[in-house]
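Visitor: My file is run05.pdb. It has PDB, C-alpha atoms, pLDDT in the B column:
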ATOM      1  CA  ASP A   1      13.784   9.831 -61.379  1.00 71.00           C
ATOM      2  CA  GLY A   2      11.054   7.546 -60.012  1.00 82.00           C
ATOM      3  CA  GLN A   3      11.463   8.600 -56.380  1.00 87.00           C
ATOM      4  CA  LEU A   4      11.149  12.275 -57.287  1.00 86.00           C
ATOM      5  CA  THR A   5       8.049  11.579 -59.390  1.00 84.00           C
ATOM      6  CA  CYS A   6       6.424   9.705 -56.501  1.00 85.00           C
ATOM      7  CA  HIS A   7       7.332  12.536 -54.112  1.00 83.00           C
ATOM      8  CA  LEU A   8       5.902  15.197 -56.445  1.00 83.00           C
ATOM      9  CA  ASN A   9       2.643  13.288 -56.932  1.00 79.00           C
ATOM     10  CA  SER A  10       1.945  12.434 -53.307  1.00 78.00           C
ATOM     11  CA  GLN A  11       4.080  14.495 -50.917  1.00 79.00           C
ATOM     12  CA  ALA A  12       5.011  17.806 -52.540  1.00 84.00           C
ATOM     13  CA  THR A  13       2.843  20.844 -51.913  1.00 89.00           C
ATOM     14  CA  LYS A  14       1.445  22.379 -55.086  1.00 91.00           C
ATOM     15  CA  THR A  15      -0.012  25.862 -55.509  1.00 92.00           C
ATOM     16  CA  TYR A  16      -2.705  26.541 -58.105  1.00 94.00           C
ATOM     17  CA  ARG A  17      -4.738  29.490 -59.295  1.00 94.00           C
ATOM     18  CA  ALA A  18      -8.315  28.434 -59.974  1.00 96.00           C
ATOM     19  CA  TRP A  19     -10.871  30.516 -61.858  1.00 96.00           C
ATOM     20  CA  TYR A  20     -14.550  29.789 -61.246  1.00 95.00           C
ATOM     21  CA  GLU A  21     -17.774  31.381 -62.427  1.00 91.00           C
ATOM     22  CA  GLY A  22     -20.508  33.162 -60.573  1.00 92.00           C
ATOM     23  CA  TRP A  23     -23.727  34.862 -61.568  1.00 86.00           C
ATOM     24  CA  ARG A  24     -26.443  37.090 -60.183  1.00 86.00           C
ATOM     25  CA  SER A  25     -30.077  37.519 -61.156  1.00 83.00           C
ATOM     26  CA  THR A  26     -33.093  38.975 -59.380  1.00 79.00           C
ATOM     27  CA  GLN A  27     -33.978  35.479 -58.130  1.00 80.00           C
ATOM     28  CA  ARG A  28     -30.636  34.010 -57.003  1.00 79.00           C
ATOM     29  CA  SER A  29     -26.867  34.393 -57.087  1.00 82.00           C
ATOM     30  CA  VAL A  30     -23.727  32.290 -56.955  1.00 86.00           C
ATOM     31  CA  GLY A  31     -20.713  34.383 -56.018  1.00 90.00           C
ATOM     32  CA  GLU A  32     -17.220  34.326 -54.637  1.00 93.00           C
ATOM     33  CA  LEU A  33     -16.234  31.736 -52.064  1.00 96.00           C
ATOM     34  CA  THR A  34     -17.863  32.520 -48.727  1.00 95.00           C
ATOM     35  CA  ASP A  35     -16.082  32.220 -45.382  1.00 96.00           C
ATOM     36  CA  ALA A  36     -18.054  29.018 -44.696  1.00 96.00           C
ATOM     37  CA  GLU A  37     -17.029  27.527 -48.063  1.00 96.00           C
ATOM     38  CA  VAL A  38     -13.368  28.403 -47.464  1.00 97.00           C
ATOM     39  CA  GLN A  39     -13.588  26.757 -44.038  1.00 97.00           C
ATOM     40  CA  ARG A  40     -15.080  23.605 -45.570  1.00 97.00           C
ATOM     41  CA  LEU A  41     -12.287  23.472 -48.177  1.00 97.00           C
ATOM     42  CA  LEU A  42      -9.691  23.776 -45.393  1.00 97.00           C
ATOM     43  CA  GLU A  43     -11.392  21.132 -43.253  1.00 96.00           C
ATOM     44  CA  GLY A  44     -11.595  18.820 -46.252  1.00 94.00           C
ATOM     45  CA  VAL A  45     -14.103  16.554 -47.903  1.00 92.00           C
ATOM     46  CA  HIS A  46     -14.431  12.868 -48.644  1.00 92.00           C
ATOM     47  CA  LEU A  47     -13.813  12.510 -52.404  1.00 90.00           C
ATOM     48  CA  SER A  48     -14.764   8.863 -52.927  1.00 88.00           C
ATOM     49  CA  ARG A  49     -14.256   5.415 -51.451  1.00 86.00           C
ATOM     50  CA  ASP A  50     -11.078   4.926 -53.494  1.00 88.00           C
ATOM     51  CA  ASP A  51      -9.647   8.449 -53.171  1.00 86.00           C
ATOM     52  CA  GLY A  52     -10.562   9.127 -49.554  1.00 88.00           C
ATOM     53  CA  PHE A  53     -10.165  12.537 -47.957  1.00 92.00           C
ATOM     54  CA  ALA A  54      -8.603  15.755 -49.323  1.00 94.00           C
ATOM     55  CA  ALA A  55      -8.266  19.335 -48.058  1.00 96.00           C
ATOM     56  CA  PHE A  56      -6.540  22.525 -49.090  1.00 97.00           C
ATOM     57  CA  GLN A  57      -3.748  23.780 -46.829  1.00 95.00           C
ATOM     58  CA  HIS A  58      -4.400  27.384 -47.830  1.00 96.00           C
ATOM     59  CA  VAL A  59      -7.046  29.346 -49.738  1.00 97.00           C
ATOM     60  CA  GLU A  60      -6.579  32.955 -50.825  1.00 97.00           C
ATOM     61  CA  ARG A  61      -9.546  34.637 -52.496  1.00 97.00           C
ATOM     62  CA  LEU A  62      -8.393  37.034 -55.226  1.00 97.00           C
ATOM     63  CA  GLY A  63     -11.695  38.653 -56.136  1.00 94.00           C
ATOM     64  CA  GLY A  64     -13.418  38.675 -59.473  1.00 93.00           C
ATOM     65  CA  VAL A  65     -14.356  40.590 -62.573  1.00 94.00           C
ATOM     66  CA  GLN A  66     -17.735  41.064 -64.199  1.00 91.00           C
ATOM     67  CA  GLN A  67     -18.241  39.339 -67.537  1.00 92.00           C
ATOM     68  CA  LYS A  68     -20.726  40.176 -70.280  1.00 92.00           C
ATOM     69  CA  SER A  69     -24.295  39.762 -69.034  1.00 91.00           C
ATOM     70  CA  ILE A  70     -26.697  37.357 -70.713  1.00 89.00           C
ATOM     71  CA  TRP A  71     -30.479  37.445 -71.070  1.00 89.00           C
ATOM     72  CA  HIS A  72     -32.626  34.470 -70.058  1.00 85.00           C
ATOM     73  CA  LYS A  73     -34.730  33.639 -73.134  1.00 87.00           C
ATOM     74  CA  SER A  74     -37.944  32.568 -71.436  1.00 87.00           C
ATOM     75  CA  THR A  75     -38.072  35.179 -68.647  1.00 86.00           C
ATOM     76  CA  GLY A  76     -36.266  38.072 -70.334  1.00 86.00           C
ATOM     77  CA  GLU A  77     -34.299  38.500 -67.119  1.00 89.00           C
ATOM     78  CA  GLU A  78     -30.736  39.812 -67.215  1.00 90.00           C
ATOM     79  CA  ILE A  79     -28.168  37.504 -65.631  1.00 90.00           C
ATOM     80  CA  GLU A  80     -24.925  39.168 -64.612  1.00 92.00           C
ATOM     81  CA  LYS A  81     -21.907  36.870 -64.991  1.00 92.00           C
ATOM     82  CA  PHE A  82     -18.675  37.025 -62.976  1.00 94.00           C
ATOM     83  CA  GLN A  83     -15.373  35.196 -62.984  1.00 95.00           C
ATOM     84  CA  TYR A  84     -13.625  34.805 -59.640  1.00 96.00           C
ATOM     85  CA  SER A  85     -10.211  33.396 -58.803  1.00 97.00           C
ATOM     86  CA  ALA A  86      -8.443  31.957 -55.801  1.00 97.00           C
ATOM     87  CA  ASP A  87      -4.960  30.660 -55.085  1.00 97.00           C
ATOM     88  CA  VAL A  88      -5.004  27.321 -53.299  1.00 97.00           C
ATOM     89  CA  ARG A  89      -2.260  25.142 -51.861  1.00 95.00           C
ATOM     90  CA  ILE A  90      -2.595  21.371 -51.495  1.00 95.00           C
ATOM     91  CA  LYS A  91      -0.404  18.383 -50.695  1.00 90.00           C
ATOM     92  CA  CYS A  92      -2.290  15.719 -52.627  1.00 85.00           C
ATOM     93  CA  GLY A  93      -1.917  14.104 -56.027  1.00 80.00           C
ATOM     94  CA  LYS A  94      -5.399  12.692 -56.534  1.00 85.00           C
ATOM     95  CA  PHE A  95      -7.052  12.918 -59.958  1.00 88.00           C
ATOM     96  CA  HIS A  96      -8.612  16.398 -60.547  1.00 93.00           C
ATOM     97  CA  VAL A  97      -8.467  17.067 -56.802  1.00 94.00           C
ATOM     98  CA  VAL A  98      -8.638  20.878 -57.077  1.00 96.00           C
ATOM     99  CA  LYS A  99     -11.710  20.773 -59.321  1.00 96.00           C
ATOM    100  CA  ARG A 100     -13.350  18.131 -57.125  1.00 95.00           C
ATOM    101  CA  LEU A 101     -12.813  20.178 -53.964  1.00 96.00           C
ATOM    102  CA  PHE A 102     -14.316  23.283 -55.598  1.00 96.00           C
ATOM    103  CA  MET A 103     -17.282  21.195 -56.807  1.00 94.00           C
ATOM    104  CA  SER A 104     -17.863  20.085 -53.197  1.00 94.00           C
ATOM    105  CA  VAL A 105     -18.819  23.691 -52.347  1.00 95.00           C
ATOM    106  CA  GLY A 106     -20.817  24.290 -55.544  1.00 93.00           C
ATOM    107  CA  LYS A 107     -18.141  26.082 -57.582  1.00 94.00           C
ATOM    108  CA  SER A 108     -17.232  24.982 -61.101  1.00 92.00           C
ATOM    109  CA  VAL A 109     -13.580  25.540 -62.066  1.00 96.00           C
ATOM    110  CA  VAL A 110     -13.306  26.881 -65.616  1.00 95.00           C
ATOM    111  CA  ARG A 111      -9.532  27.353 -65.665  1.00 95.00           C
ATOM    112  CA  LEU A 112      -6.699  26.016 -63.546  1.00 95.00           C
ATOM    113  CA  GLU A 113      -3.043  27.021 -63.566  1.00 93.00           C
ATOM    114  CA  ARG A 114      -0.248  25.472 -61.511  1.00 91.00           C
ATOM    115  CA  LEU A 115       1.900  28.200 -59.968  1.00 93.00           C
ATOM    116  CA  SER A 116       4.470  26.189 -58.014  1.00 90.00           C
ATOM    117  CA  VAL A 117       5.570  22.759 -56.886  1.00 89.00           C
ATOM    118  CA  GLY A 118       7.291  22.633 -53.507  1.00 86.00           C
ATOM    119  CA  GLN A 119       9.561  25.671 -53.332  1.00 86.00           C
ATOM    120  CA  LEU A 120       9.950  25.875 -57.100  1.00 88.00           C
ATOM    121  CA  SER A 121       7.856  28.478 -58.929  1.00 89.00           C
ATOM    122  CA  LEU A 122       7.112  27.535 -62.531  1.00 88.00           C
ATOM    123  CA  GLU A 123       7.585  31.179 -63.540  1.00 88.00           C
ATOM    124  CA  ASP A 124      11.113  31.164 -62.051  1.00 84.00           C
ATOM    125  CA  CYS A 125      11.922  28.176 -64.279  1.00 87.00           C
ATOM    126  CA  GLY A 126      10.765  30.067 -67.370  1.00 84.00           C
ATOM    127  CA  LEU A 127       7.683  27.860 -67.697  1.00 87.00           C
ATOM    128  CA  CYS A 128       5.068  30.487 -68.482  1.00 84.00           C
ATOM    129  CA  ALA A 129       2.907  28.882 -71.178  1.00 85.00           C
ATOM    130  CA  PRO A 130       1.282  25.468 -71.596  1.00 84.00           C
ATOM    131  CA  GLY A 131       3.705  23.078 -73.271  1.00 87.00           C
ATOM    132  CA  ASP A 132       6.821  24.933 -72.100  1.00 89.00           C
ATOM    133  CA  PHE A 133       9.605  22.749 -70.751  1.00 89.00           C
ATOM    134  CA  ALA A 134      13.086  23.266 -69.354  1.00 88.00           C
ATOM    135  CA  GLU A 135      15.923  21.191 -67.997  1.00 90.00           C
ATOM    136  CA  LEU A 136      16.236  21.757 -64.265  1.00 89.00           C
ATOM    137  CA  SER A 137      19.495  22.476 -62.496  1.00 89.00           C
ATOM    138  CA  GLN A 138      20.516  20.344 -59.516  1.00 91.00           C
ATOM    139  CA  GLN A 139      19.663  23.292 -57.248  1.00 90.00           C
ATOM    140  CA  GLN A 140      16.121  23.416 -58.692  1.00 89.00           C
ATOM    141  CA  ILE A 141      15.730  19.650 -58.281  1.00 87.00           C
ATOM    142  CA  ASP A 142      16.843  19.967 -54.653  1.00 87.00           C
ATOM    143  CA  ARG A 143      14.169  22.631 -54.106  1.00 86.00           C
ATOM    144  CA  LEU A 144      11.495  20.206 -55.355  1.00 86.00           C
ATOM    145  CA  TRP A 145      12.265  17.976 -52.375  1.00 85.00           C
ATOM    146  CA  GLN A 146      11.624  20.841 -49.931  1.00 82.00           C
ATOM    147  CA  ASP A 147       8.222  22.007 -48.790  1.00 72.00           C
ATOM    148  CA  PRO A 148       7.456  25.726 -49.046  1.00 67.00           C
ATOM    149  CA  ALA A 149       7.519  27.979 -46.019  1.00 58.00           C
ATOM    150  CA  PRO A 150       4.177  28.328 -44.206  1.00 60.00           C
ATOM    151  CA  VAL A 151       1.847  30.862 -45.772  1.00 52.00           C
ATOM    152  CA  GLN A 152       1.199  34.108 -43.905  1.00 52.00           C
ATOM    153  CA  PRO A 153      -2.520  34.816 -44.502  1.00 50.00           C
ATOM    154  CA  LYS A 154      -3.557  38.193 -45.882  1.00 48.00           C
ATOM    155  CA  LYS A 155      -6.905  39.919 -45.444  1.00 48.00           C
ATOM    156  CA  GLY A 156      -9.698  37.798 -46.940  1.00 48.00           C
ATOM    157  CA  THR A 157      -7.726  34.564 -46.737  1.00 46.00           C
ATOM    158  CA  GLU A 158      -7.704  31.537 -44.537  1.00 48.00           C
ATOM    159  CA  SER A 159      -5.136  28.902 -43.738  1.00 45.00           C
ATOM    160  CA  GLN A 160      -5.301  25.678 -41.844  1.00 40.00           C
ATOM    161  CA  SER A 161      -3.052  27.031 -39.087  1.00 34.00           C
ATOM    162  CA  GLU A 162      -5.806  29.516 -38.144  1.00 33.00           C
ATOM    163  CA  VAL A 163      -8.401  26.802 -37.581  1.00 27.00           C
TER     164      VAL A 163
END
I need this file expressed as structure tokens, please.

Guide:
Amino acid sequence: DGQLTCHLNSQATKTYRAWYEGWRSTQRSVGELTDAEVQRLLEGVHLSRDDGFAAFQHVERLGGVQQKSIWHKSTGEEIEKFQYSADVRIKCGKFHVVKRLFMSVGKSVVRLERLSVGQLSLEDCGLCAPGDFAELSQQQIDRLWQDPAPVQPKKGTESQSEV
């Protein structure tokens, strides 16, 4: 259905879980999204002349886990590595928009997983692994045309409605 495809690419709200890396040494650190970085992601950034402006509708920081430390060869300094994650919601279909928004605040996305499109959760459709597919019922297709209910922020999260 061409109209549905167009709607999903440009109008439907999509929710993603993004994983990004951080590190800490005695000299410097790059950690979880700060309040200022979350605010910038919600306010939006100019992507390019062709792609224009994009912003997340919601950002929920989920915390992180420590990874195996590495040793800097020339200084002998230990560098602690971390992997953080955040759930983000966006109504935009631009090329690599989630990764580009994270890059705008100095975070490099290492893994990205789509959680839902509109009101339809991929898990509810049985789509749990890359490459999974399923035929959708008419009820599920109807839900793709609907936008999700507004997000109620939890502690440590931000949403555009709070701005």

Visitor: Rank A:Phe53, A:Trp23, A:Phe95, A:Phe133 by their smallest atom-to-atom distance to Glu78 in chain A, using all atoms listed in the file, and report the top residue only.

Guide: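 Distance minimum relative to Glu78 in chain A lands on A:Trp23.
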
Visitor: Between CA of Leu115 in chain A and CA of Ser10 in chain A, what distance in Å does the model show, to one decimal?

Guide: 17.1 Å

Visitor: Running the PyMOL selection byres ((chain A and resi 146) around 10) on this model by hand, what would come out? Give it as a JSON list (two decimals) with C-alpha atoms, in the frame of the given file.

Guide:
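Now in result04.json:
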[["chain", "number", "residue", "atom", "x", "y", "z"],
["A", 11, "GLN", "CA", 4.08, 14.50, -50.92],
["A", 12, "ALA", "CA", 5.01, 17.81, -52.54],
["A", 13, "THR", "CA", 2.84, 20.84, -51.91],
["A", 117, "VAL", "CA", 5.57, 22.76, -56.89],
["A", 118, "GLY", "CA", 7.29, 22.63, -53.51],
["A", 119, "GLN", "CA", 9.56, 25.67, -53.33],
["A", 120, "LEU", "CA", 9.95, 25.88, -57.10],
["A", 141, "ILE", "CA", 15.73, 19.65, -58.28],
["A", 142, "ASP", "CA", 16.84, 19.97, -54.65],
["A", 143, "ARG", "CA", 14.17, 22.63, -54.11],
["A", 144, "LEU", "CA", 11.50, 20.21, -55.36],
["A", 145, "TRP", "CA", 12.26, 17.98, -52.38],
["A", 147, "ASP", "CA", 8.22, 22.01, -48.79],
["A", 148, "PRO", "CA", 7.46, 25.73, -49.05],
["A", 149, "ALA", "CA", 7.52, 27.98, -46.02]]

Visitor: CA of Lys81 in chain A and CA of Phe56 in chain A, how far apart in Å?

Guide: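 Atom-to-atom, CA of Phe56 in chain A and CA of Lys81 in chain A are spaced 26.4 Å apart.
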
Visitor: Given the file shown, determine the residues that the PyMOL selection byres ((chain A and resi 102) around 10) selects; report them as JSON, numbers by chain.

Guide: {"A": [18, 20, 33, 37, 38, 41, 97, 98, 99, 100, 101, 103, 104, 105, 106, 107, 108, 109]}

Visitor: Restricting the calculation to only C-alpha atoms, which member of A:Ser25, A:Ser116, A:Thr34, A:Ser48 is positioned closest to Leu8 in chain A?

Guide: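 Of all the options, A:Ser116 lies closest to Leu8 in chain A.
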
Visitor: Restricting the calculation to all atoms listed in the file: of A:Leu112, A:Ser85, A:His7, A:Thr26, which residue gets closest to His72 in chain A?

Guide: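 Selected residue with least distance to His72 in chain A: A:Thr26.
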
Visitor: Name the residues in contact with Asp132 in chain A at a cut-off of 10 Å, using only C-alpha atoms, excluding same-chain residues fewer than 6 positions from it; report them as a PyMOL selection string.

Guide: chain A and resi 122+125-126

Visitor: Find the distance between CA of Gln27 in chain A and CA of Gly76 in chain A and write it in Å to one decimal.

Guide: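 Distance between the two atoms: 12.7 Å.
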
Visitor: Choose the residue, out of A:Val59, A:Ile70, A:Leu42, A:Leu127, that has the smallest atom-to-atom separation from Tyr16 in chain A; count only C-alpha atoms.

Guide: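 Residue with the minimum atom-to-atom distance to Tyr16 in chain A: A:Val59.
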
Visitor: Find the residues near Ala54 in chain A: any atom within 8 Å, counting all atoms listed in the file, skip ones fewer than 3 places away on the same chain, and give them as a list in words.

Guide: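 Close residues of Ala54 in chain A: Gly44, Val45, His46, Leu47, Cys92, Val97 and Leu101 of chain A.
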
Visitor: Please dump the current selection as a PDB file, keeping the file's coordinate frame; keep C-alpha atoms.

Guide:
ATOM      1  CA  GLY A  44     -11.595  18.820 -46.252  1.00 94.00           C
ATOM      2  CA  VAL A  45     -14.103  16.554 -47.903  1.00 92.00           C
ATOM      3  CA  HIS A  46     -14.431  12.868 -48.644  1.00 92.00           C
ATOM      4  CA  LEU A  47     -13.813  12.510 -52.404  1.00 90.00           C
ATOM      5  CA  CYS A  92      -2.290  15.719 -52.627  1.00 85.00           C
ATOM      6  CA  VAL A  97      -8.467  17.067 -56.802  1.00 94.00           C
ATOM      7  CA  LEU A 101     -12.813  20.178 -53.964  1.00 96.00           C
TER       8      LEU A 101
END
